[in-house]
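So the structure is just underneath, and the comments pick up after that.
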Amino acid sequence: MKRTWTIIGVSDVPSSFKWYQSLFGQPETQPGHADFGQILDSDGTVLLCLHQWGVHEHPSLMSPERATPGNGLLLFFRVDDFDRALPRARALVTRLEEEPHANPHTGTEEFSLRDPDGYYVTISSLTSLELRGHEVNSPGHE
């Protein structure tokens, strides 16, 4: 099996680490280092890596001033606790970027928000709306 480790540049690793743990409903722990942390699933799978801007001289992580954080990137997470993820997300931001809606392409419910560094984060149900006992909205709504 092959897995991707998505690494994003952040301004404050411990703060972003806590934010993502809250979003995913995980117990609060500290990142492995002040400048790098891995958000892990309960089985140890890496969900997301957080890297301090400008540390270790990685060319694409030198500075957020060189490009808007998240330009060309959509963080899309499928979760098995969608109904609990929504109130957790609402507690983290003043407003959602997209309210919960049915995505006709995936057949799942999803919503979107911005993380503390401005990354666009979409949370999608792991289970289709039909399997969850909901009607799917019209195909024109994404």
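So you can find residues: chains in the structure tokens are A, B, ... in the order shown, residues in each start at 1, and ligands are numbered from 1 in order.
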
Write out as an mmCIF file with N, CA, C and O atoms, in the first residue's frame each polymer residue whose atoms come within 8 Å of Leu61 (chain A), counting only C-alpha atoms; drop sequence neighbours fewer than 6 positions from it.
```cif
data_model
loop_
_atom_site.group_PDB
_atom_site.id
_atom_site.type_symbol
_atom_site.label_atom_id
_atom_site.label_comp_id
_atom_site.auth_asym_id
_atom_site.auth_seq_id
_atom_site.Cartn_x
_atom_site.Cartn_y
_atom_site.Cartn_z
ATOM 1 N N ILE A 8 1.541 20.767 5.112
ATOM 2 C CA ILE A 8 1.202 22.160 4.849
ATOM 3 C C ILE A 8 2.048 23.066 5.736
ATOM 4 O O ILE A 8 2.406 22.696 6.856
ATOM 5 N N GLY A 9 2.374 24.248 5.216
ATOM 6 C CA GLY A 9 3.092 25.247 5.991
ATOM 7 C C GLY A 9 2.119 25.993 6.885
ATOM 8 O O GLY A 9 1.057 26.419 6.427
ATOM 9 N N HIS A 51 3.901 21.865 9.179
ATOM 10 C CA HIS A 51 5.315 22.253 9.137
ATOM 11 C C HIS A 51 5.430 23.763 9.301
ATOM 12 O O HIS A 51 4.750 24.522 8.603
ATOM 13 N N GLN A 52 6.276 24.195 10.202
ATOM 14 C CA GLN A 52 6.496 25.625 10.434
ATOM 15 C C GLN A 52 7.074 26.260 9.175
ATOM 16 O O GLN A 52 8.002 25.737 8.563
ATOM 17 N N TRP A 53 6.483 27.400 8.764
ATOM 18 C CA TRP A 53 7.021 28.132 7.616
ATOM 19 C C TRP A 53 8.487 28.483 7.867
ATOM 20 O O TRP A 53 8.863 28.877 8.968
ATOM 21 N N GLY A 54 9.339 28.342 6.838
ATOM 22 C CA GLY A 54 10.711 28.823 6.874
ATOM 23 C C GLY A 54 11.706 27.958 7.612
ATOM 24 O O GLY A 54 12.883 28.291 7.681
ATOM 25 N N VAL A 55 11.291 26.833 8.163
ATOM 26 C CA VAL A 55 12.206 25.942 8.875
ATOM 27 C C VAL A 55 12.696 24.859 7.919
ATOM 28 O O VAL A 55 11.950 24.369 7.081
#
```

_I'd like the contact shell of region 70-81 of chain A - 6 Å cut-off, only C-alpha atoms, skipping same-chain residues fewer than 4 positions apart - returned as an NGL selection string._
:A and (119-126)

Where does region 54-91 of chain A meet region 101-118 of chain A within 8 Å, residue by residue, with the nearest atom pair and distance in Å to one decimal for each, counting only C-alpha atoms, listed by chain and rising number, as a tab-separated table?
```
residue	atom	partner	partner_atom	distance
A:Pro69	CA	A:Gly118	CA	6.5
A:Gly70	CA	A:Gly118	CA	7.2
A:Leu86	CA	A:Phe111	CA	7.9
A:Ala89	CA	A:Leu113	CA	7.6
```

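The space between CA of Trp19 (chain A) and CA of Ser128 (chain A) spans 26.5 Å.
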
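Every residue of region 9-89 of chain A with a DSSP assignment of strand (DSSP E or B), taken from the backbone, is listed as Gly9, Val10, His33, Phe36, Gly37, Gln38, Ile39, Leu40, Val46, Leu47, Leu48, Cys49, Leu50, His51, Gln52, Leu75, Phe76, Phe77, Arg78 and Val79 of chain A.
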
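Look at region 35-46 of chain A: the protein and nucleic acid residues within 7 Å of it, using only C-alpha atoms and passing over chain neighbours fewer than 3 places away, are Trp5, Val13, Phe17, Pro31, Gly32, Cys49, Leu50, His51 and Gln52 of chain A.
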
Quick one: write out the picked residues with N, CA, C and O atoms as a compact mmCIF listing (two decimals), in the first residue's frame?
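This is the output file result_5.txt:
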```txt
# COMPACT_ATOMS: atom_id res chain seq x y z
N TRP A 5 1.62 11.64 2.48
CA TRP A 5 1.73 12.49 3.65
C TRP A 5 1.62 13.92 3.16
O TRP A 5 2.58 14.49 2.64
N VAL A 13 2.74 25.76 14.70
CA VAL A 13 2.47 24.32 14.68
C VAL A 13 1.63 23.89 15.88
O VAL A 13 0.60 23.23 15.71
N PHE A 17 -1.98 22.37 15.38
CA PHE A 17 -2.09 20.98 15.82
C PHE A 17 -3.34 20.82 16.69
O PHE A 17 -4.16 19.92 16.47
N PRO A 31 2.43 18.27 19.44
CA PRO A 31 3.17 17.79 18.27
C PRO A 31 4.54 17.26 18.70
O PRO A 31 5.05 17.62 19.77
N GLY A 32 5.14 16.44 17.85
CA GLY A 32 6.44 15.86 18.15
C GLY A 32 7.53 16.91 18.30
O GLY A 32 8.49 16.71 19.05
N CYS A 49 0.30 16.54 7.95
CA CYS A 49 1.51 17.00 8.62
C CYS A 49 1.51 18.53 8.62
O CYS A 49 1.16 19.15 7.61
N LEU A 50 1.92 19.11 9.73
CA LEU A 50 1.99 20.55 9.88
C LEU A 50 3.45 20.95 10.03
O LEU A 50 4.16 20.42 10.89
N HIS A 51 3.90 21.86 9.18
CA HIS A 51 5.31 22.25 9.14
C HIS A 51 5.43 23.76 9.30
O HIS A 51 4.75 24.52 8.60
N GLN A 52 6.28 24.20 10.20
CA GLN A 52 6.50 25.63 10.43
C GLN A 52 7.07 26.26 9.17
O GLN A 52 8.00 25.74 8.56
```

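Among the candidates A:His33, A:Lys2, A:Arg88, A:Arg95, the one nearest to Gln21 (chain A) when counting only C-alpha atoms is A:Arg88.
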
*Can you list, as an MDAnalysis selection string, every protein, DNA or RNA residue that comes within 10 Å of Ser22 (chain A) when you count only C-alpha atoms, leaving out same-chain residues fewer than 4 positions away?*
chainID A and resid 16:18 26:28 85 88:89 91:92

Filtering to all heavy atoms, could you give me those residues as a PDB file, in the first residue's frame?
```
ATOM      1  N   SER A  16      -2.035  25.120  15.413  1.00  0.00           N
ATOM      2  CA  SER A  16      -2.710  24.418  14.310  1.00  0.00           C
ATOM      3  C   SER A  16      -2.937  22.953  14.669  1.00  0.00           C
ATOM      4  O   SER A  16      -3.964  22.366  14.312  1.00  0.00           O
ATOM      5  CB  SER A  16      -1.893  24.518  13.025  1.00  0.00           C
ATOM      6  OG  SER A  16      -1.920  25.837  12.545  1.00  0.00           O
ATOM      7  N   PHE A  17      -1.984  22.366  15.377  1.00  0.00           N
ATOM      8  CA  PHE A  17      -2.094  20.975  15.820  1.00  0.00           C
ATOM      9  C   PHE A  17      -3.342  20.817  16.687  1.00  0.00           C
ATOM     10  O   PHE A  17      -4.159  19.920  16.471  1.00  0.00           O
ATOM     11  CB  PHE A  17      -0.833  20.610  16.607  1.00  0.00           C
ATOM     12  CG  PHE A  17      -0.567  19.148  16.733  1.00  0.00           C
ATOM     13  CD1 PHE A  17      -0.003  18.431  15.690  1.00  0.00           C
ATOM     14  CD2 PHE A  17      -0.847  18.481  17.917  1.00  0.00           C
ATOM     15  CE1 PHE A  17       0.279  17.081  15.813  1.00  0.00           C
ATOM     16  CE2 PHE A  17      -0.580  17.129  18.054  1.00  0.00           C
ATOM     17  CZ  PHE A  17      -0.015  16.427  17.002  1.00  0.00           C
ATOM     18  N   LYS A  18      -3.523  21.717  17.639  1.00  0.00           N
ATOM     19  CA  LYS A  18      -4.686  21.692  18.526  1.00  0.00           C
ATOM     20  C   LYS A  18      -5.978  21.920  17.727  1.00  0.00           C
ATOM     21  O   LYS A  18      -6.992  21.267  17.970  1.00  0.00           O
ATOM     22  CB  LYS A  18      -4.520  22.769  19.603  1.00  0.00           C
ATOM     23  CG  LYS A  18      -5.634  22.805  20.602  1.00  0.00           C
ATOM     24  CD  LYS A  18      -5.369  23.857  21.673  1.00  0.00           C
ATOM     25  CE  LYS A  18      -6.530  23.936  22.636  1.00  0.00           C
ATOM     26  NZ  LYS A  18      -6.286  24.930  23.687  1.00  0.00           N
ATOM     27  N   GLN A  26     -10.283  14.540  18.300  1.00  0.00           N
ATOM     28  CA  GLN A  26      -9.211  13.732  18.884  1.00  0.00           C
ATOM     29  C   GLN A  26      -8.792  14.292  20.240  1.00  0.00           C
ATOM     30  O   GLN A  26      -8.899  15.500  20.474  1.00  0.00           O
ATOM     31  CB  GLN A  26      -7.993  13.715  17.956  1.00  0.00           C
ATOM     32  CG  GLN A  26      -8.279  13.105  16.609  1.00  0.00           C
ATOM     33  CD  GLN A  26      -7.095  13.237  15.667  1.00  0.00           C
ATOM     34  OE1 GLN A  26      -6.354  14.217  15.704  1.00  0.00           O
ATOM     35  NE2 GLN A  26      -6.920  12.255  14.806  1.00  0.00           N
ATOM     36  N   PRO A  27      -8.278  13.444  21.116  1.00  0.00           N
ATOM     37  CA  PRO A  27      -7.754  13.957  22.378  1.00  0.00           C
ATOM     38  C   PRO A  27      -6.576  14.887  22.104  1.00  0.00           C
ATOM     39  O   PRO A  27      -5.804  14.668  21.165  1.00  0.00           O
ATOM     40  CB  PRO A  27      -7.286  12.715  23.138  1.00  0.00           C
ATOM     41  CG  PRO A  27      -7.513  11.546  22.254  1.00  0.00           C
ATOM     42  CD  PRO A  27      -8.146  12.009  20.983  1.00  0.00           C
ATOM     43  N   GLU A  28      -6.460  15.913  22.924  1.00  0.00           N
ATOM     44  CA  GLU A  28      -5.395  16.885  22.724  1.00  0.00           C
ATOM     45  C   GLU A  28      -4.052  16.308  23.163  1.00  0.00           C
ATOM     46  O   GLU A  28      -3.910  15.790  24.264  1.00  0.00           O
ATOM     47  CB  GLU A  28      -5.693  18.155  23.516  1.00  0.00           C
ATOM     48  CG  GLU A  28      -4.738  19.276  23.226  1.00  0.00           C
ATOM     49  CD  GLU A  28      -5.112  20.565  23.937  1.00  0.00           C
ATOM     50  OE1 GLU A  28      -6.312  20.834  24.080  1.00  0.00           O
ATOM     51  OE2 GLU A  28      -4.188  21.291  24.340  1.00  0.00           O
ATOM     52  N   ALA A  85     -18.772  16.015  13.706  1.00  0.00           N
ATOM     53  CA  ALA A  85     -17.740  16.915  13.180  1.00  0.00           C
ATOM     54  C   ALA A  85     -18.286  18.318  12.933  1.00  0.00           C
ATOM     55  O   ALA A  85     -17.570  19.309  13.121  1.00  0.00           O
ATOM     56  CB  ALA A  85     -17.147  16.354  11.883  1.00  0.00           C
ATOM     57  N   ARG A  88     -18.253  20.525  16.044  1.00  0.00           N
ATOM     58  CA  ARG A  88     -16.848  20.810  16.380  1.00  0.00           C
ATOM     59  C   ARG A  88     -16.298  21.886  15.459  1.00  0.00           C
ATOM     60  O   ARG A  88     -15.607  22.805  15.903  1.00  0.00           O
ATOM     61  CB  ARG A  88     -16.005  19.538  16.270  1.00  0.00           C
ATOM     62  CG  ARG A  88     -16.309  18.480  17.309  1.00  0.00           C
ATOM     63  CD  ARG A  88     -15.269  17.383  17.361  1.00  0.00           C
ATOM     64  NE  ARG A  88     -14.997  16.753  16.084  1.00  0.00           N
ATOM     65  CZ  ARG A  88     -15.467  15.569  15.704  1.00  0.00           C
ATOM     66  NH1 ARG A  88     -16.267  14.874  16.504  1.00  0.00           N
ATOM     67  NH2 ARG A  88     -15.141  15.066  14.524  1.00  0.00           N
ATOM     68  N   ALA A  89     -16.613  21.795  14.168  1.00  0.00           N
ATOM     69  CA  ALA A  89     -16.135  22.786  13.197  1.00  0.00           C
ATOM     70  C   ALA A  89     -16.727  24.156  13.498  1.00  0.00           C
ATOM     71  O   ALA A  89     -16.015  25.166  13.473  1.00  0.00           O
ATOM     72  CB  ALA A  89     -16.504  22.352  11.779  1.00  0.00           C
ATOM     73  N   ALA A  91     -17.539  25.367  16.263  1.00  0.00           N
ATOM     74  CA  ALA A  91     -16.907  25.930  17.457  1.00  0.00           C
ATOM     75  C   ALA A  91     -15.517  26.512  17.154  1.00  0.00           C
ATOM     76  O   ALA A  91     -15.011  27.311  17.934  1.00  0.00           O
ATOM     77  CB  ALA A  91     -16.793  24.854  18.544  1.00  0.00           C
ATOM     78  N   LEU A  92     -14.937  26.144  16.027  1.00  0.00           N
ATOM     79  CA  LEU A  92     -13.584  26.581  15.681  1.00  0.00           C
ATOM     80  C   LEU A  92     -13.540  27.843  14.829  1.00  0.00           C
ATOM     81  O   LEU A  92     -12.502  28.493  14.745  1.00  0.00           O
ATOM     82  CB  LEU A  92     -12.849  25.461  14.939  1.00  0.00           C
ATOM     83  CG  LEU A  92     -12.501  24.228  15.767  1.00  0.00           C
ATOM     84  CD1 LEU A  92     -12.019  23.106  14.857  1.00  0.00           C
ATOM     85  CD2 LEU A  92     -11.461  24.572  16.822  1.00  0.00           C
TER      86      LEU A  92
END
```

*DSSP on the backbone: what in region 4-62 of chain A comes out alpha helix (DSSP H), as a VMD selection string?*
chain A and resid 13 to 24

Would you put the residues from that selection into a file with N, CA, C and O atoms, as a short mmCIF file (atom, residue, chain, number, x, y, z; two decimals), in the first residue's frame?
```cif
data_model
loop_
_atom_site.label_atom_id
_atom_site.label_comp_id
_atom_site.auth_asym_id
_atom_site.auth_seq_id
_atom_site.Cartn_x
_atom_site.Cartn_y
_atom_site.Cartn_z
N VAL A 13 2.74 25.76 14.70
CA VAL A 13 2.47 24.32 14.68
C VAL A 13 1.63 23.89 15.88
O VAL A 13 0.60 23.23 15.71
N PRO A 14 2.01 24.24 17.13
CA PRO A 14 1.19 23.77 18.25
C PRO A 14 -0.27 24.25 18.19
O PRO A 14 -1.19 23.49 18.49
N SER A 15 -0.49 25.48 17.78
CA SER A 15 -1.85 26.01 17.68
C SER A 15 -2.64 25.30 16.58
O SER A 15 -3.80 24.91 16.78
N SER A 16 -2.03 25.12 15.41
CA SER A 16 -2.71 24.42 14.31
C SER A 16 -2.94 22.95 14.67
O SER A 16 -3.96 22.37 14.31
N PHE A 17 -1.98 22.37 15.38
CA PHE A 17 -2.09 20.98 15.82
C PHE A 17 -3.34 20.82 16.69
O PHE A 17 -4.16 19.92 16.47
N LYS A 18 -3.52 21.72 17.64
CA LYS A 18 -4.69 21.69 18.53
C LYS A 18 -5.98 21.92 17.73
O LYS A 18 -6.99 21.27 17.97
N TRP A 19 -5.94 22.84 16.74
CA TRP A 19 -7.11 23.14 15.93
C TRP A 19 -7.57 21.89 15.17
O TRP A 19 -8.77 21.55 15.19
N TYR A 20 -6.65 21.20 14.50
CA TYR A 20 -7.03 20.00 13.74
C TYR A 20 -7.48 18.87 14.66
O TYR A 20 -8.40 18.13 14.33
N GLN A 21 -6.84 18.72 15.81
CA GLN A 21 -7.30 17.69 16.74
C GLN A 21 -8.73 17.99 17.20
O GLN A 21 -9.54 17.07 17.30
N SER A 22 -9.04 19.25 17.43
CA SER A 22 -10.41 19.62 17.80
C SER A 22 -11.38 19.32 16.67
O SER A 22 -12.46 18.78 16.89
N LEU A 23 -11.00 19.68 15.45
CA LEU A 23 -11.86 19.43 14.29
C LEU A 23 -12.17 17.95 14.14
O LEU A 23 -13.30 17.56 13.86
N PHE A 24 -11.17 17.09 14.35
CA PHE A 24 -11.35 15.65 14.18
C PHE A 24 -11.84 14.95 15.44
O PHE A 24 -12.01 13.73 15.43
#
```
